[in-house]
Each structure stands twice: as C-alpha cells, then as structure tokens.
$ cat data-v8.cif   # mmCIF, C-alpha atoms
data_my_file
loop_
_atom_site.label_atom_id
_atom_site.label_comp_id
_atom_site.auth_asym_id
_atom_site.auth_seq_id
_atom_site.Cartn_x
_atom_site.Cartn_y
_atom_site.Cartn_z
CA MET A 1356 -0.70 -6.90 -27.37
CA ASN A 1357 0.26 -7.97 -30.88
CA LYS A 1358 2.36 -5.15 -32.29
CA ALA A 1359 2.47 -6.70 -35.75
CA ASP A 1360 -1.19 -5.92 -36.45
CA ASN A 1361 -1.65 -3.40 -33.57
CA GLN A 1362 -4.41 -5.46 -31.95
CA ILE A 1363 -5.14 -6.22 -28.30
CA GLN A 1364 -5.49 -9.95 -27.76
CA ILE A 1365 -7.83 -11.32 -25.08
CA ARG A 1366 -6.80 -14.80 -23.88
CA ASN A 1367 -8.31 -17.40 -21.54
CA LEU A 1368 -6.54 -19.32 -18.79
CA GLN A 1369 -5.30 -21.84 -21.36
CA ASN A 1370 -3.55 -18.95 -23.16
CA GLU A 1371 -5.91 -19.29 -26.13
CA ILE A 1372 -6.96 -16.16 -28.02
CA THR A 1373 -10.70 -15.57 -27.52
CA LYS A 1374 -10.98 -12.05 -28.94
CA LYS A 1375 -9.01 -9.47 -30.87
CA VAL A 1376 -9.68 -5.76 -30.43
CA PRO A 1377 -8.06 -2.96 -32.49
CA SER A 1378 -5.98 -0.55 -30.43
CA PRO A 1379 -7.32 3.02 -30.18
CA TYR A 1380 -3.95 4.29 -31.42
CA GLY A 1381 -2.10 3.73 -34.66
CA ILE A 1382 1.07 3.08 -32.67
CA THR A 1383 0.75 1.39 -29.27
CA THR A 1384 3.80 1.32 -27.03
CA ALA A 1385 2.34 -0.30 -23.88
CA ILE A 1386 -0.85 -1.46 -22.16
CA PHE A 1387 -1.64 -1.52 -18.43
CA TYR A 1388 -4.38 -2.95 -16.22
CA ALA A 1389 -7.30 -0.58 -15.51
CA GLY A 1390 -9.93 -2.72 -13.81
CA THR A 1391 -12.41 -5.28 -15.14
CA GLY A 1392 -12.98 -4.87 -18.86
CA SER A 1393 -10.68 -1.86 -19.21
CA LEU A 1394 -7.08 -1.14 -20.16
CA LEU A 1395 -4.78 1.85 -20.14
CA VAL A 1396 -3.33 2.07 -23.64
CA GLN A 1397 -0.17 4.12 -24.22
CA SER A 1398 0.85 5.74 -27.49
CA GLU A 1399 3.98 7.85 -27.98
CA ASP A 1400 2.68 10.84 -26.00
CA ARG A 1401 -0.85 9.97 -24.84
CA MET A 1402 -2.64 7.52 -22.59
CA ALA A 1403 -6.22 6.31 -23.19
CA LEU A 1404 -8.62 4.54 -20.86
CA PHE A 1405 -9.96 1.91 -23.23
CA ASN A 1406 -13.15 -0.11 -22.67
CA VAL A 1407 -12.53 -3.49 -24.28
CA GLN A 1408 -16.21 -4.50 -24.45
CA GLN A 1409 -17.36 -1.25 -26.07
CA ARG A 1410 -14.16 -0.92 -28.09
CA SER A 1411 -13.96 2.78 -27.31
CA SER A 1412 -11.86 5.22 -25.28
CA VAL A 1413 -13.66 6.73 -22.29
CA GLY A 1414 -10.82 9.01 -21.22
CA GLU A 1415 -7.50 10.34 -22.45
CA VAL A 1416 -4.56 12.33 -21.10
CA SER A 1417 -1.31 13.70 -22.53
CA VAL A 1418 1.67 12.13 -20.73
CA PRO A 1419 5.29 11.15 -21.46
CA GLN A 1420 6.25 7.51 -21.75
CA ILE A 1421 5.00 5.69 -18.64
CA LYS A 1422 7.04 3.03 -16.85
CA TYR A 1423 4.59 1.96 -14.15
CA VAL A 1424 0.90 2.40 -13.30
CA VAL A 1425 -0.33 2.27 -9.68
CA TRP A 1426 -4.02 2.19 -8.72
CA SER A 1427 -5.49 3.02 -5.34
CA GLU A 1428 -7.19 0.11 -3.55
CA ASP A 1429 -10.69 1.35 -4.46
CA MET A 1430 -9.62 2.07 -8.06
CA ALA A 1431 -10.71 5.70 -7.61
CA ARG A 1432 -7.30 7.19 -8.38
CA VAL A 1433 -4.31 6.23 -10.50
CA ALA A 1434 -0.67 7.29 -10.54
CA LEU A 1435 1.29 7.22 -13.80
CA LEU A 1436 5.03 6.98 -13.15
CA SER A 1437 7.46 8.12 -15.82
CA LYS A 1438 11.21 8.50 -15.56
CA HIS A 1439 11.18 11.90 -13.83
CA ALA A 1440 7.51 12.63 -13.11
CA VAL A 1441 4.44 11.41 -11.25
CA THR A 1442 0.99 12.17 -12.69
CA LEU A 1443 -2.07 11.73 -10.47
CA LEU A 1444 -5.54 11.35 -11.99
CA ASP A 1445 -9.00 10.08 -11.12
CA LYS A 1446 -10.41 6.86 -12.58
CA LYS A 1447 -11.60 8.68 -15.73
CA LEU A 1448 -8.14 10.20 -16.35
CA GLN A 1449 -9.37 13.64 -15.28
CA ASN A 1450 -8.40 16.18 -12.59
CA SER A 1451 -4.73 15.56 -13.26
CA CYS A 1452 -1.72 17.02 -11.45
CA THR A 1453 1.95 16.31 -12.15
CA VAL A 1454 4.99 16.39 -9.88
CA HIS A 1455 8.37 16.64 -11.61
CA GLU A 1456 11.46 15.14 -9.99
CA ALA A 1457 15.15 15.74 -10.64
CA MET A 1458 15.96 12.19 -9.50
CA ARG A 1459 14.40 9.09 -11.05
CA VAL A 1460 11.04 7.95 -9.73
CA LYS A 1461 11.40 4.35 -8.52
CA SER A 1462 8.07 3.16 -7.11
CA ALA A 1463 4.76 4.22 -5.54
CA ALA A 1464 1.81 3.03 -3.48
CA PHE A 1465 -1.40 4.63 -2.23
CA ASP A 1466 -2.30 4.66 1.45
CA ALA A 1467 -5.86 4.15 2.72
CA ASN A 1468 -6.54 7.91 2.55
CA GLY A 1469 -5.78 8.17 -1.18
CA VAL A 1470 -2.40 9.83 -0.61
CA LEU A 1471 0.34 8.64 -2.96
CA ILE A 1472 3.61 7.64 -1.30
CA TYR A 1473 6.50 7.30 -3.73
CA THR A 1474 10.25 6.89 -3.81
CA THR A 1475 13.07 8.45 -5.74
CA LEU A 1476 16.66 7.22 -5.53
CA ASN A 1477 17.20 8.73 -2.07
CA HIS A 1478 13.86 10.09 -0.77
CA LEU A 1479 10.48 8.85 0.39
CA LYS A 1480 7.86 11.43 -0.64
CA TYR A 1481 4.12 12.07 -0.63
CA CYS A 1482 1.67 13.65 -3.06
CA LEU A 1483 -1.87 14.68 -2.14
CA PRO A 1484 -4.76 14.42 -4.63
CA ASN A 1485 -4.55 18.19 -5.22
CA GLY A 1486 -0.85 18.01 -6.14
CA ASP A 1487 0.65 19.26 -2.87
CA ASN A 1488 3.78 17.24 -2.18
CA GLY A 1489 6.76 16.98 0.09
CA ILE A 1490 9.52 14.84 1.56
CA ILE A 1491 8.70 12.32 4.28
CA LYS A 1492 12.26 11.16 4.94
CA THR A 1493 15.67 10.61 3.37
CA LEU A 1494 16.47 7.02 2.46
CA GLU A 1495 19.77 5.31 3.17
CA GLU A 1496 19.24 2.97 0.21
CA CYS A 1497 16.94 2.69 -2.78
CA VAL A 1498 13.71 0.81 -2.03
CA TYR A 1499 10.63 -0.24 -3.97
CA LEU A 1500 7.26 0.21 -2.27
CA THR A 1501 4.76 -2.63 -2.05
CA ARG A 1502 2.18 -1.36 0.47
CA VAL A 1503 1.44 1.48 2.88
CA ILE A 1504 -0.51 0.77 6.09
CA GLY A 1505 -0.91 3.68 8.47
CA SER A 1506 2.55 4.92 9.45
CA SER A 1507 4.26 1.76 8.15
CA VAL A 1508 5.70 1.51 4.64
CA PHE A 1509 6.50 -1.97 3.31
CA CYS A 1510 9.08 -2.27 0.56
CA LEU A 1511 11.79 -4.32 -1.11
CA ASP A 1512 15.44 -3.42 -1.38
CA ARG A 1513 17.54 -4.03 -4.50
CA GLU A 1514 18.32 -7.56 -3.34
CA GLY A 1515 14.61 -8.36 -3.06
CA ARG A 1516 14.58 -8.42 0.74
CA SER A 1517 11.38 -7.30 2.45
CA LYS A 1518 11.61 -4.28 4.75
CA LYS A 1519 9.34 -2.11 6.85
CA VAL A 1520 9.98 1.62 7.18
CA ASP A 1521 8.21 3.57 9.94
CA ILE A 1522 7.25 7.12 8.93
CA ASP A 1523 5.78 10.23 10.50
CA ASN A 1524 2.65 10.86 8.40
CA SER A 1525 1.25 13.70 10.54
CA GLU A 1526 2.25 16.44 8.08
CA TYR A 1527 0.51 15.06 5.02
CA LEU A 1528 -2.53 13.86 7.00
CA PHE A 1529 -2.88 17.38 8.41
CA LYS A 1530 -2.69 18.90 4.92
CA LEU A 1531 -5.15 16.32 3.59
CA ALA A 1532 -7.69 17.06 6.33
CA LEU A 1533 -7.28 20.77 5.63
CA THR A 1534 -7.85 20.47 1.86
CA GLN A 1535 -10.86 18.19 2.42
CA GLY A 1536 -12.45 20.67 4.82
CA HIS A 1537 -12.33 18.35 7.84
CA TYR A 1538 -11.71 21.20 10.29
CA ASP A 1539 -12.63 19.20 13.40
CA ARG A 1540 -9.86 16.77 12.52
CA VAL A 1541 -7.49 19.69 11.81
CA MET A 1542 -8.09 21.22 15.26
CA GLN A 1543 -7.75 17.82 16.91
CA MET A 1544 -4.35 17.34 15.27
CA ILE A 1545 -3.29 20.82 16.36
CA ARG A 1546 -4.17 20.02 19.97
CA GLU A 1547 -2.66 16.54 20.05
CA GLN A 1548 0.44 16.81 17.88
CA GLU A 1549 3.54 18.96 17.58
CA LEU A 1550 2.97 20.33 14.09
CA CYS A 1551 4.09 23.89 14.70
CA GLY A 1552 6.79 25.20 12.40
CA GLN A 1553 7.46 27.94 9.87
CA ALA A 1554 6.79 25.55 6.98
CA ILE A 1555 3.31 24.68 8.29
CA ILE A 1556 2.50 28.33 9.02
CA ALA A 1557 3.64 29.38 5.54
CA TYR A 1558 1.58 26.56 4.01
CA LEU A 1559 -1.55 27.67 5.88
CA GLN A 1560 -1.10 31.28 4.76
CA GLU A 1561 -0.38 30.26 1.17
CA LYS A 1562 -3.52 28.09 1.02
CA GLY A 1563 -5.74 30.79 2.51
CA PHE A 1564 -6.20 29.47 6.07
CA PRO A 1565 -4.92 32.30 8.33
CA GLU A 1566 -7.53 31.41 10.97
CA VAL A 1567 -5.89 27.99 11.36
CA ALA A 1568 -2.36 29.44 11.37
CA LEU A 1569 -3.49 31.69 14.22
CA HIS A 1570 -3.59 28.63 16.51
CA PHE A 1571 0.10 27.90 15.88
CA VAL A 1572 1.65 31.34 16.25
CA LYS A 1573 2.85 32.80 19.55
CA ASP A 1574 4.55 35.96 18.25
CA GLN A 1575 2.05 38.72 19.02
CA ARG A 1576 2.74 40.86 15.99
CA LEU A 1577 2.36 37.91 13.62
CA ARG A 1578 -0.78 36.81 15.47
CA PHE A 1579 -2.20 40.31 15.01
CA ASN A 1580 -1.47 40.26 11.26
CA LEU A 1581 -3.10 36.83 10.91
CA ALA A 1582 -6.12 37.99 12.94
CA VAL A 1583 -6.52 40.98 10.63
CA GLU A 1584 -6.21 38.72 7.58
CA CYS A 1585 -8.98 36.39 8.75
CA GLY A 1586 -11.14 39.16 10.23
CA ASN A 1587 -10.89 38.02 13.85
CA ILE A 1588 -11.75 41.32 15.58
CA GLU A 1589 -11.72 39.77 19.06
CA VAL A 1590 -8.07 38.68 18.79
CA CYS A 1591 -7.10 42.00 17.22
CA THR A 1592 -8.66 43.88 20.13
CA LEU A 1593 -6.87 41.74 22.70
CA LEU A 1594 -3.50 42.20 21.00
CA MET A 1595 -3.68 45.93 20.35
CA PRO A 1596 -2.54 47.00 23.87
CA CYS A 1597 0.39 44.56 23.76
CA LEU A 1598 1.56 45.90 20.40
CA ARG A 1599 1.36 49.50 21.57
CA GLU A 1600 3.44 48.72 24.65
CA ARG A 1601 6.03 46.97 22.54
CA ASP A 1602 6.19 49.89 20.13
CA ILE A 1603 6.80 52.29 23.04
CA VAL A 1604 9.63 50.15 24.38
CA VAL A 1605 11.24 49.86 20.93
#
$ encode --input "data-v8.cif" --output "structure tokens"
Amino acid sequence: MNKADNQIQIRNLQNEITKKVPSPYGITTAIFYAGTGSLLVQSEDRMALFNVQQRSSVGEVSVPQIKYVVWSEDMARVALLSKHAVTLLDKKLQNSCTVHEAMRVKSAAFDANGVLIYTTLNHLKYCLPNGDNGIIKTLEECVYLTRVIGSSVFCLDREGRSKKVDIDNSEYLFKLALTQGHYDRVMQMIREQELCGQAIIAYLQEKGFPEVALHFVKDQRLRFNLAVECGNIEVCTLLMPCLRERDIVV
C-alpha cells in the first residue's frame, strides 16, 4: 500500500510493481489478506472486501480500527480483532456479531467447527457463529494462539516458546450442535457427558429449548414447569401426583 498516492501496489516475487489499483477509500489505514484476488481494506471506521481484479468493493462493514484479521480454514468466516472487541462475519462481511471485552483481545484462531477461540490477557474464550460466547479457562500467563485442533490449543507465550493447552470444549460444542439443529448429537452429548448445571439449563430456557432442558433436570417441580413450557403432556401427567403429595406435606 502506497499511502502517498493512496494506491494498492501489486508486486511479483522479484518485488517489482506489476499493477497499481486505487483504494476504495480516500484514506486507507490498513490492508489485510482476504483470499486469492481479494483484500480487506480498512478506512478510519469501515472495512471493505475489495476485489483487486474488478477494482470494486463486494462487501463492507462498520468497525473500529482493526489490529488483526483471522480467517477460518475454509475461508467461510472471518474474525476482525480490535483492541477491545471481536467481530465475526461471513466471507462477504455479512451476518456480523460483535463481542466486547473489558480486557485487551490478544489473539484468535478458528477450530474445525467454525468456532472462534480467542484470548484476552488472562482468559481463553470462545465465540459461536451466532455470537454466543463464554470462558473456556483462566490463563496463568498471556498466550497467542496459532492453531486449535480438537481439544488442544497450540500457542506461543511472550518469549516465543511453543505451548499446548488442553481444554474442555464440551460446552461450546453442545451449544453449537443445539444452534445448528443437530439434535441427535445434542442427545448423544447429554447421555455421554456431564453437562448438567444451572448455567446450561438457563441457556436452554433462554434459547427456547425447554424440551432439551427437561433431560437435565431432576427437581420435580422444575421438570413440571419445563414440561408445561414445551407441551409435554405425558411428563406433566406423570408428575402431577408427585407435586400434589409434596404440596400436602408442605
């Protein structure tokens, strides 16, 4: 990028200029890789997906100043990392969601499922494509992610030493399967893993899945309320005598 004349320079392997293309913005602050023949071009408060061959923008989004850009392996999703925020978008810079952080965002990497794993100064976190996010674990030191494979996170510390961090990814994989409608996988995870907890139950109710929450809950009164919410008459009928007996005792 030549800021003097605000033109994008295309160079060959001998570092010779082969083409000059005007930037889509009057003021360009940064450019980032966006696949073959495309660039992400940053202005003061906007980011454009710029096709170099066609010399035109094919997508645009309003964002603060971006420090890093991370693409998923299949180039289907991109994460824009600013000082205190992570913005997730698809490859056309659409369907965006933003997570704001009090601590500085340090690094990020996508796993094979399209879930973004990222770090702040003292936490390892996740963000699903729909914007749902949470903490995976607290970090003892600041690290910079390089790759995520299954339940293993590979990273560098501040001295540049390579490290592997093992994580429990069951929570975000459960939420991902739920949002994608893979209910067979959801029920399999319920049967095989210890996911029960108030946070998971609250999440299921908040997202409109009381029928799934019903499989976690043992308290009869709460089970009855969930059964009513999802219209499960059979469970309601089974629980009615138990609730009446409890009410008499109380």
$ atom_distance --input "data-v8.cif" --atom1 "CA of Ala1467 (chain A)" --atom2 "CA of Gly1505 (chain A)"
7.6 Å
$ resolve_selection --input "data-v8.cif" --expression "the PyMOL selection byres ((chain A and resi 1400) around 10)" --output "compact mmCIF listing (two decimals) with C-alpha atoms, keeping the file's coordinate frame"
# COMPACT_ATOMS: atom_id res chain seq x y z
CA THR A 1384 3.80 1.32 -27.03
CA GLN A 1397 -0.17 4.12 -24.22
CA SER A 1398 0.85 5.74 -27.49
CA GLU A 1399 3.98 7.85 -27.98
CA ARG A 1401 -0.85 9.97 -24.84
CA MET A 1402 -2.64 7.52 -22.59
CA VAL A 1416 -4.56 12.33 -21.10
CA SER A 1417 -1.31 13.70 -22.53
CA VAL A 1418 1.67 12.13 -20.73
CA PRO A 1419 5.29 11.15 -21.46
CA GLN A 1420 6.25 7.51 -21.75
CA ILE A 1421 5.00 5.69 -18.64
$ closest_residue --input "data-v8.cif" --among "A:Ile1365, A:Leu1559, A:Val1396, A:Val1503" --to "Tyr1380 (chain A)" --atoms "all atoms listed in the file"
A:Val1396
$ residues_around --input "data-v8.cif" --residues "Leu1448 (chain A)" --least-positions-apart "2" --cutoff "10 Å" --atoms "all atoms listed in the file" --output "list in words"
Leu1395, Met1402, Ala1403, Leu1404, Val1413, Gly1414, Glu1415, Val1416, Ser1417, Arg1432, Val1433, Ala1434, Leu1443, Leu1444, Asp1445, Lys1446, Asn1450 and Ser1451 of chain A
$ atom_distance --input "data-v8.cif" --atom1 "CA of Lys1438 (chain A)" --atom2 "CA of Tyr1473 (chain A)"
12.8 Å
$ axis_aligned_box --input "data-v8.cif" --around "region 1491-1499 of chain A" --padding-each-side "3 Å" --output "JSON"
{"center_x": 14.2, "center_y": 6.0, "center_z": 0.5, "size_x": 17.1, "size_y": 18.6, "size_z": 14.9}
$ closest_residue --input "data-v8.cif" --among "A:Ile1472, A:Met1430, A:Lys1530, A:Leu1500" --to "Arg1516 (chain A)" --atoms "only C-alpha atoms"
A:Leu1500
$ atom_distance --input "data-v8.cif" --atom1 "CA of Phe1509 (chain A)" --atom2 "CA of Tyr1388 (chain A)"
22.4 Å
$ residues_around --input "data-v8.cif" --residues "Leu1471 (chain A)" --least-positions-apart "2" --cutoff "10 Å" --atoms "all atoms listed in the file" --output "JSON, numbers by chain"
{"A": [1425, 1426, 1427, 1432, 1433, 1434, 1441, 1443, 1463, 1464, 1465, 1466, 1467, 1468, 1469, 1473, 1480, 1481, 1482, 1483, 1484, 1486, 1488, 1503]}
$ closest_residue --input "data-v8.cif" --among "A:Val1498, A:Ile1372, A:Met1542, A:Val1454" --to "Leu1479 (chain A)" --atoms "only C-alpha atoms"
A:Val1498
$ closest_residue --input "data-v8.cif" --among "A:Lys1447, A:His1455, A:Arg1366, A:Lys1358" --to "Ser1393 (chain A)" --atoms "all atoms listed in the file"
A:Lys1447
$ closest_residue --input "data-v8.cif" --among "A:Lys1461, A:Lys1492, A:Lys1374, A:His1478" --to "Glu1526 (chain A)" --atoms "all atoms listed in the file"
A:Lys1492
$ closest_residue --input "data-v8.cif" --among "A:Val1376, A:Ile1504, A:Leu1436, A:Ala1532" --to "Ser1411 (chain A)" --atoms "all atoms listed in the file"
A:Val1376
$ build_atoms --input "data-v8.cif" --residues "region 1519-1530 of chain A" --atoms "all heavy atoms" --output "PDB file, keeping the file's coordinate frame"
ATOM      1  N   LYS A1519      10.377  -3.005   6.381  1.00  0.00           N
ATOM      2  CA  LYS A1519       9.340  -2.110   6.850  1.00  0.00           C
ATOM      3  C   LYS A1519       9.979  -0.811   7.311  1.00  0.00           C
ATOM      4  O   LYS A1519      10.946  -0.830   8.084  1.00  0.00           O
ATOM      5  CB  LYS A1519       8.540  -2.725   8.007  1.00  0.00           C
ATOM      6  CG  LYS A1519       7.340  -1.875   8.421  1.00  0.00           C
ATOM      7  CD  LYS A1519       6.606  -2.465   9.613  1.00  0.00           C
ATOM      8  CE  LYS A1519       7.280  -2.056  10.894  1.00  0.00           C
ATOM      9  NZ  LYS A1519       6.437  -2.294  12.091  1.00  0.00           N
ATOM     10  N   VAL A1520       9.455   0.307   6.817  1.00  0.00           N
ATOM     11  CA  VAL A1520       9.980   1.620   7.180  1.00  0.00           C
ATOM     12  C   VAL A1520       8.886   2.370   7.930  1.00  0.00           C
ATOM     13  O   VAL A1520       7.773   2.554   7.407  1.00  0.00           O
ATOM     14  CB  VAL A1520      10.405   2.423   5.933  1.00  0.00           C
ATOM     15  CG1 VAL A1520      10.922   3.801   6.336  1.00  0.00           C
ATOM     16  CG2 VAL A1520      11.455   1.660   5.137  1.00  0.00           C
ATOM     17  N   ASP A1521       9.171   2.784   9.161  1.00  0.00           N
ATOM     18  CA  ASP A1521       8.210   3.570   9.940  1.00  0.00           C
ATOM     19  C   ASP A1521       8.359   5.045   9.572  1.00  0.00           C
ATOM     20  O   ASP A1521       9.482   5.562   9.473  1.00  0.00           O
ATOM     21  CB  ASP A1521       8.454   3.383  11.436  1.00  0.00           C
ATOM     22  CG  ASP A1521       8.161   1.958  11.886  1.00  0.00           C
ATOM     23  OD1 ASP A1521       7.188   1.377  11.366  1.00  0.00           O
ATOM     24  OD2 ASP A1521       8.913   1.439  12.736  1.00  0.00           O
ATOM     25  N   ILE A1522       7.229   5.710   9.358  1.00  0.00           N
ATOM     26  CA  ILE A1522       7.250   7.120   8.930  1.00  0.00           C
ATOM     27  C   ILE A1522       6.390   7.967   9.851  1.00  0.00           C
ATOM     28  O   ILE A1522       5.511   7.453  10.553  1.00  0.00           O
ATOM     29  CB  ILE A1522       6.757   7.271   7.473  1.00  0.00           C
ATOM     30  CG1 ILE A1522       5.282   6.824   7.360  1.00  0.00           C
ATOM     31  CG2 ILE A1522       7.638   6.492   6.521  1.00  0.00           C
ATOM     32  CD1 ILE A1522       4.655   7.134   6.020  1.00  0.00           C
ATOM     33  N   ASP A1523       6.637   9.257   9.829  1.00  0.00           N
ATOM     34  CA  ASP A1523       5.780  10.230  10.500  1.00  0.00           C
ATOM     35  C   ASP A1523       4.861  10.812   9.421  1.00  0.00           C
ATOM     36  O   ASP A1523       5.300  11.598   8.578  1.00  0.00           O
ATOM     37  CB  ASP A1523       6.630  11.332  11.140  1.00  0.00           C
ATOM     38  CG  ASP A1523       5.781  12.390  11.836  1.00  0.00           C
ATOM     39  OD1 ASP A1523       4.535  12.239  11.865  1.00  0.00           O
ATOM     40  OD2 ASP A1523       6.355  13.381  12.327  1.00  0.00           O
ATOM     41  N   ASN A1524       3.587  10.414   9.436  1.00  0.00           N
ATOM     42  CA  ASN A1524       2.650  10.860   8.400  1.00  0.00           C
ATOM     43  C   ASN A1524       1.773  12.021   8.846  1.00  0.00           C
ATOM     44  O   ASN A1524       0.799  12.364   8.180  1.00  0.00           O
ATOM     45  CB  ASN A1524       1.775   9.696   7.932  1.00  0.00           C
ATOM     46  CG  ASN A1524       0.984   9.069   9.085  1.00  0.00           C
ATOM     47  OD1 ASN A1524       1.003   9.571  10.211  1.00  0.00           O
ATOM     48  ND2 ASN A1524       0.301   7.975   8.811  1.00  0.00           N
ATOM     49  N   SER A1525       2.110  12.645   9.982  1.00  0.00           N
ATOM     50  CA  SER A1525       1.250  13.700  10.540  1.00  0.00           C
ATOM     51  C   SER A1525       1.162  14.918   9.617  1.00  0.00           C
ATOM     52  O   SER A1525       0.099  15.529   9.495  1.00  0.00           O
ATOM     53  CB  SER A1525       1.754  14.122  11.914  1.00  0.00           C
ATOM     54  OG  SER A1525       3.110  14.554  11.853  1.00  0.00           O
ATOM     55  N   GLU A1526       2.269  15.254   8.937  1.00  0.00           N
ATOM     56  CA  GLU A1526       2.250  16.440   8.080  1.00  0.00           C
ATOM     57  C   GLU A1526       1.281  16.286   6.915  1.00  0.00           C
ATOM     58  O   GLU A1526       0.431  17.148   6.677  1.00  0.00           O
ATOM     59  CB  GLU A1526       3.651  16.745   7.546  1.00  0.00           C
ATOM     60  CG  GLU A1526       3.681  17.957   6.607  1.00  0.00           C
ATOM     61  CD  GLU A1526       5.064  18.242   6.031  1.00  0.00           C
ATOM     62  OE1 GLU A1526       6.052  18.135   6.803  1.00  0.00           O
ATOM     63  OE2 GLU A1526       5.160  18.547   4.833  1.00  0.00           O
ATOM     64  N   TYR A1527       1.382  15.178   6.188  1.00  0.00           N
ATOM     65  CA  TYR A1527       0.510  15.060   5.020  1.00  0.00           C
ATOM     66  C   TYR A1527      -0.932  14.737   5.409  1.00  0.00           C
ATOM     67  O   TYR A1527      -1.859  15.114   4.695  1.00  0.00           O
ATOM     68  CB  TYR A1527       1.086  14.074   3.992  1.00  0.00           C
ATOM     69  CG  TYR A1527       0.997  12.600   4.266  1.00  0.00           C
ATOM     70  CD1 TYR A1527      -0.219  11.918   4.205  1.00  0.00           C
ATOM     71  CD2 TYR A1527       2.150  11.854   4.515  1.00  0.00           C
ATOM     72  CE1 TYR A1527      -0.288  10.540   4.412  1.00  0.00           C
ATOM     73  CE2 TYR A1527       2.090  10.488   4.713  1.00  0.00           C
ATOM     74  CZ  TYR A1527       0.874   9.835   4.663  1.00  0.00           C
ATOM     75  OH  TYR A1527       0.809   8.470   4.849  1.00  0.00           O
ATOM     76  N   LEU A1528      -1.160  14.086   6.553  1.00  0.00           N
ATOM     77  CA  LEU A1528      -2.530  13.860   7.000  1.00  0.00           C
ATOM     78  C   LEU A1528      -3.180  15.168   7.442  1.00  0.00           C
ATOM     79  O   LEU A1528      -4.382  15.382   7.234  1.00  0.00           O
ATOM     80  CB  LEU A1528      -2.555  12.847   8.155  1.00  0.00           C
ATOM     81  CG  LEU A1528      -2.241  11.401   7.787  1.00  0.00           C
ATOM     82  CD1 LEU A1528      -2.320  10.505   9.024  1.00  0.00           C
ATOM     83  CD2 LEU A1528      -3.195  10.886   6.705  1.00  0.00           C
ATOM     84  N   PHE A1529      -2.389  16.057   8.035  1.00  0.00           N
ATOM     85  CA  PHE A1529      -2.880  17.380   8.410  1.00  0.00           C
ATOM     86  C   PHE A1529      -3.274  18.177   7.166  1.00  0.00           C
ATOM     87  O   PHE A1529      -4.361  18.766   7.101  1.00  0.00           O
ATOM     88  CB  PHE A1529      -1.798  18.128   9.193  1.00  0.00           C
ATOM     89  CG  PHE A1529      -2.150  19.553   9.525  1.00  0.00           C
ATOM     90  CD1 PHE A1529      -2.963  19.851  10.599  1.00  0.00           C
ATOM     91  CD2 PHE A1529      -1.667  20.608   8.746  1.00  0.00           C
ATOM     92  CE1 PHE A1529      -3.286  21.157  10.905  1.00  0.00           C
ATOM     93  CE2 PHE A1529      -1.990  21.909   9.038  1.00  0.00           C
ATOM     94  CZ  PHE A1529      -2.806  22.198  10.128  1.00  0.00           C
ATOM     95  N   LYS A1530      -2.407  18.179   6.167  1.00  0.00           N
ATOM     96  CA  LYS A1530      -2.690  18.900   4.920  1.00  0.00           C
ATOM     97  C   LYS A1530      -3.898  18.309   4.208  1.00  0.00           C
ATOM     98  O   LYS A1530      -4.720  19.036   3.632  1.00  0.00           O
ATOM     99  CB  LYS A1530      -1.466  18.890   4.007  1.00  0.00           C
ATOM    100  CG  LYS A1530      -0.290  19.701   4.536  1.00  0.00           C
ATOM    101  CD  LYS A1530       0.886  19.654   3.571  1.00  0.00           C
ATOM    102  CE  LYS A1530       2.051  20.505   4.066  1.00  0.00           C
ATOM    103  NZ  LYS A1530       3.200  20.473   3.129  1.00  0.00           N
TER     104      LYS A1530
END
